[in-house]
Structure formats: structure tokens, C-alpha cells
Amino acid sequence: MKTEILELEEVLNKEIEAYSKLEKYILDKKDSLISGDIEKLRNIDYEIEKFNSETGILEGKRAKIASKFGHENLSLREIIKKIEKEDKAEKISGLRIKLKNLAENIQRQNKINNQLIKHSLNILEFSIVSIANALMPEASAYNNFGKINNNQQSKGVSSINHEI
């Protein structure tokens, strides 16, 4: 059981390292979304995919190690309960908390990035519609479904879209 604990500790440390790098790239992605740097965004997305793949491999290794403690689907909390040495259990527990916090931060930042992307798409769609209306005002009499537009009021040009 001693070697399994050391293997688990090593894999958790590698996961924390990979998730830390992933978190950094996701934060960089937010900055790129805000600044509109498409080239940097492409590079960041490539790195994010690379670290997503790496974390998946590490999770698989952790599952194999977990199977040595009972079965493959044991959670870290359940594994910690099975560790007899208190100092090792505390160390693994600390790593679990770090990993959990990183995962929560990544999820939160991904939600923010998704909202930024949706907002950018709304602005882009509004801009395209505004340009199309300016170039072909008669086409603005119809909506996206080919029906006659009843609200022929001028909307004005603004990047603030009333989103729900």
C-alpha cells in the first residue's frame, strides 16, 4: 500500500501542475477575448486542448491507482479514509483540496469566458444586421424568418445589447 500512496501522491502533484497551467491559459483566454486578439486566442485554445488531454491521461492513471485501493471508481475522499498513516492521509487530503479548488476556479472562469463569447457573438450579429440594413434598407422590412417586421423603429448603433 505504501507504493500506491506514493504513486497517488505523484499523480496528484502532476494533476495539480497540469490544472495550474490550464487555469493560467484559461485566464489568458479571457484577456484575449476582451482584447480581441484572435491569433493569441488560437494559440491559447491549442494549449488548452493539450492540457485537457494531459489531465485526462492523469485522471486515468489515478483511476488505475484507485483500483489498487478497492475499485476504480473510488473517490479521493474514500481513498484517504483507507490510508492508515495519518500524515500521508493529511498530505493526500491537502492535494485533493488543491485539485478541487483549481477545478472550481477553472469551471468558474470557463463560464465567464463562455459569457464573453456569447456577448461577442451578439455584438457581431447586431453589427452585421446594422450593416445589412444600411446597405439594403428594404431588406430590413423582413425578420430572420422572412416575416414582415412590425417594429420599423431605428435601433441605433450600440455595443450594448439588451440580453436576457
# chains A, B, ... in the order shown; residues from 1 in each chain; ligands from 1
$ residues_around --residues "Thr3 of chain A" --least-positions-apart "3" --cutoff "12 Å" --atoms "only C-alpha atoms" --output "list of chain:residue names"
A:Leu6, A:Glu7, A:Leu8, A:Glu9, A:Glu10, A:Ile65, A:Lys68, A:Phe69, A:Ile83, A:Lys88
$ write_last_selection --atoms "C-alpha atoms" --output "PDB file, in the first residue's frame"
ATOM      1  CA  LEU A   6       3.428   7.363  -3.345  1.00  0.00           C
ATOM      2  CA  GLU A   7       2.093   6.768  -6.875  1.00  0.00           C
ATOM      3  CA  LEU A   8      -1.138   8.546  -5.967  1.00  0.00           C
ATOM      4  CA  GLU A   9       0.769  11.479  -4.489  1.00  0.00           C
ATOM      5  CA  GLU A  10       2.920  11.737  -7.630  1.00  0.00           C
ATOM      6  CA  ILE A  65      -4.189   3.570  -8.709  1.00  0.00           C
ATOM      7  CA  LYS A  68      -5.457  -0.893  -6.080  1.00  0.00           C
ATOM      8  CA  PHE A  69      -7.324   0.519  -3.060  1.00  0.00           C
ATOM      9  CA  ILE A  83      -4.868   5.286   4.230  1.00  0.00           C
ATOM     10  CA  LYS A  88       0.082  10.570   4.456  1.00  0.00           C
TER      11      LYS A  88
END
$ closest_residue --among "A:Ala89, A:Val11, A:Ala18, A:Ile57" --to "Leu102 of chain A" --atoms "only C-alpha atoms"
A:Ala18
$ closest_residue --among "A:Ala134, A:Leu12, A:Ile5, A:Ile34" --to "Lys98 of chain A" --atoms "only C-alpha atoms"
A:Leu12
$ closest_residue --among "A:Ser32, A:Ser93, A:Ser130, A:Asn73" --to "Asp45 of chain A" --atoms "only C-alpha atoms"
A:Ser32
